Amino acid sequence: MIGVYDYTVVLTYMSMLSGVLGILVCLHSNGHPYMGVFFLLFCGLCDAFDGKVARHKKDRTEFEKSFGIQIDSFSDLVAFGVLPGCIGFAMLRTSDRYVETPIVDMDGDKRLVLYPILLVTIILLYALAALIRLAYYNVTEEERSKSEGGVRKYYLGLPVTNAALIFPTVMLIQFSTKIDITPVYFAVMAVTAFLFLSRIKVPKFGLRGILIMTGIGVVEGIVMIIQLVSRL
């Protein structure tokens, strides 16, 4: 069979599968945004260590290295470019503001029409920004590795993998309050999309930074589980 199937790509494959499952859960029935967050957190956990696991194999061929880079980006697009948008769409569908068939009412209220269209537009732009960011990183990383070698010290633009902490934080706030903050989620999504394409320099985390960020994600997941159980 074509492809690579050793331990160096297992976490990347698991992240992609988790992202797809999260999308299906979010879009099932009226939407389950809180369940989708757990899949997003798991994607972040897999992504945090997939690179280090792959680099652990010292005798990787150039094909295996290139294959790993490509599937990592494709997986990231699903997990951090599409899944957050589906979580937002599930939030929208469970919100009191959502209109299944947005038709101007008898009073001519167009707000109900524009609201879902605007938020869906943000989802589309966010996914596009994530795609462009990932493609830009692949091209520049290939050029940098040829000229500099070694591991880069910083990223240009916000890495899309940061979505694994940004959106669960917003959802945790939503889960902890009775106020509908769906517009806040989409505002954060719009800002995040802009940061994907910005020229800000973001330091690359070492192992210590990765462990700290992973710990934050685990804490967020545990807090949400406790809150879910307490509401049963």
# chains A, B, ... in the order shown; residues from 1 in each chain; ligands from 1
$ select_by_dssp --residues "region 20-182 of chain A" --states "helix (DSSP H, G or I)" --output "VMD selection string"
chain A and resid 20 to 27 33 to 55 62 to 94 111 to 147 160 to 176 182
$ write_last_selection --atoms "C-alpha atoms" --output "compact mmCIF listing (two decimals), in the first residue's frame"
# COMPACT_ATOMS: atom_id res chain seq x y z
CA VAL A 20 -13.50 14.16 11.71
CA LEU A 21 -15.39 12.58 14.63
CA GLY A 22 -15.66 15.98 16.28
CA ILE A 23 -17.12 17.46 13.09
CA LEU A 24 -19.69 14.66 12.84
CA VAL A 25 -20.68 15.09 16.49
CA CYS A 26 -21.05 18.86 16.11
CA LEU A 27 -23.25 18.53 13.04
CA PRO A 33 -20.67 21.98 20.54
CA TYR A 34 -19.48 20.92 24.00
CA MET A 35 -18.78 17.37 22.87
CA GLY A 36 -16.90 18.72 19.87
CA VAL A 37 -14.53 20.57 22.21
CA PHE A 38 -13.26 17.30 23.69
CA PHE A 39 -12.28 16.08 20.22
CA LEU A 40 -10.53 19.42 19.60
CA LEU A 41 -8.59 19.08 22.86
CA PHE A 42 -7.57 15.55 21.91
CA CYS A 43 -6.37 16.81 18.52
CA GLY A 44 -4.24 19.37 20.34
CA LEU A 45 -2.81 16.67 22.59
CA CYS A 46 -1.82 14.53 19.61
CA ASP A 47 -0.31 17.50 17.77
CA ALA A 48 1.74 18.54 20.79
CA PHE A 49 3.84 15.40 20.58
CA ASP A 50 3.59 14.08 17.01
CA GLY A 51 6.66 16.03 15.86
CA LYS A 52 8.83 14.84 18.74
CA VAL A 53 7.70 11.25 18.20
CA ALA A 54 8.53 11.47 14.49
CA ARG A 55 11.98 13.00 15.14
CA GLU A 62 13.48 12.03 3.01
CA PHE A 63 10.22 10.58 1.71
CA GLU A 64 9.08 9.77 5.24
CA LYS A 65 9.98 13.27 6.42
CA SER A 66 8.14 14.94 3.54
CA PHE A 67 5.16 12.64 3.94
CA GLY A 68 5.00 13.47 7.64
CA ILE A 69 5.03 17.21 6.95
CA GLN A 70 2.24 16.94 4.40
CA ILE A 71 -0.10 14.78 6.45
CA ASP A 72 0.52 16.95 9.51
CA SER A 73 -0.76 20.00 7.63
CA PHE A 74 -3.75 18.14 6.19
CA SER A 75 -4.61 16.85 9.64
CA ASP A 76 -4.24 20.33 11.14
CA LEU A 77 -6.59 21.76 8.54
CA VAL A 78 -9.30 19.29 9.57
CA ALA A 79 -8.69 19.51 13.32
CA PHE A 80 -7.92 23.21 13.77
CA GLY A 81 -9.26 24.76 10.57
CA VAL A 82 -12.63 23.03 10.14
CA LEU A 83 -13.59 21.58 13.55
CA PRO A 84 -13.60 24.98 15.39
CA GLY A 85 -15.96 26.29 12.71
CA CYS A 86 -18.26 23.31 13.19
CA ILE A 87 -18.24 23.89 16.95
CA GLY A 88 -19.25 27.49 16.27
CA PHE A 89 -21.98 26.40 13.89
CA ALA A 90 -23.29 23.97 16.52
CA MET A 91 -23.30 26.85 19.01
CA LEU A 92 -25.26 28.93 16.52
CA ARG A 93 -27.83 26.17 15.98
CA THR A 94 -28.34 25.74 19.72
CA ARG A 111 -31.49 41.07 11.76
CA LEU A 112 -32.59 37.44 11.85
CA VAL A 113 -31.47 37.06 8.26
CA LEU A 114 -28.09 38.77 8.55
CA TYR A 115 -27.04 37.22 11.86
CA PRO A 116 -26.55 33.56 10.76
CA ILE A 117 -25.19 34.62 7.36
CA LEU A 118 -22.55 36.83 8.99
CA LEU A 119 -21.42 34.12 11.39
CA VAL A 120 -21.25 31.45 8.69
CA THR A 121 -19.15 33.88 6.63
CA ILE A 122 -16.73 34.13 9.56
CA ILE A 123 -16.49 30.32 9.63
CA LEU A 124 -15.62 30.25 5.93
CA LEU A 125 -13.02 32.99 6.25
CA TYR A 126 -11.50 31.30 9.29
CA ALA A 127 -11.11 27.99 7.44
CA LEU A 128 -9.59 29.80 4.46
CA ALA A 129 -7.13 31.65 6.71
CA ALA A 130 -6.10 28.35 8.31
CA LEU A 131 -5.53 26.80 4.87
CA ILE A 132 -3.39 29.72 3.71
CA ARG A 133 -1.42 29.75 6.98
CA LEU A 134 -0.63 26.04 6.73
CA ALA A 135 0.40 26.24 3.07
CA TYR A 136 2.59 29.28 3.78
CA TYR A 137 4.28 27.47 6.65
CA ASN A 138 5.03 24.41 4.51
CA VAL A 139 6.64 26.48 1.76
CA THR A 140 8.69 28.70 4.06
CA GLU A 141 9.74 25.78 6.26
CA GLU A 142 11.06 23.92 3.23
CA GLU A 143 13.04 26.98 2.14
CA ARG A 144 14.32 27.64 5.67
CA SER A 145 15.45 24.05 6.25
CA LYS A 146 17.51 24.18 3.04
CA SER A 147 19.21 27.47 3.91
CA VAL A 160 -3.26 27.12 13.69
CA THR A 161 -2.67 24.56 16.44
CA ASN A 162 -3.30 27.30 19.01
CA ALA A 163 -6.99 26.78 18.23
CA ALA A 164 -6.81 23.74 20.50
CA LEU A 165 -6.59 26.07 23.52
CA ILE A 166 -8.29 29.24 22.30
CA PHE A 167 -11.74 27.85 21.50
CA PRO A 168 -12.03 25.40 24.42
CA THR A 169 -11.35 28.38 26.70
CA VAL A 170 -14.25 30.30 25.15
CA MET A 171 -16.49 27.24 25.37
CA LEU A 172 -15.54 26.75 29.01
CA ILE A 173 -16.68 30.31 29.73
CA GLN A 174 -19.91 29.65 27.82
CA PHE A 175 -20.51 26.45 29.74
CA SER A 176 -19.97 28.26 33.04
CA THR A 182 -22.12 32.84 20.75
$ select_by_dssp --residues "region 28-222 of chain A" --states "strand (DSSP E or B)" --output "list in words"
Tyr154, Tyr155, Leu156, Lys201, Val202 and Pro203 of chain A
$ atom_distance --atom1 "CA of Phe196 (chain A)" --atom2 "CA of Gly157 (chain A)"
5.2 Å
$ closest_residue --among "A:Leu158, A:Met224, A:Ile179, A:Arg208" --to "Leu195 (chain A)" --atoms "only C-alpha atoms"
A:Leu158
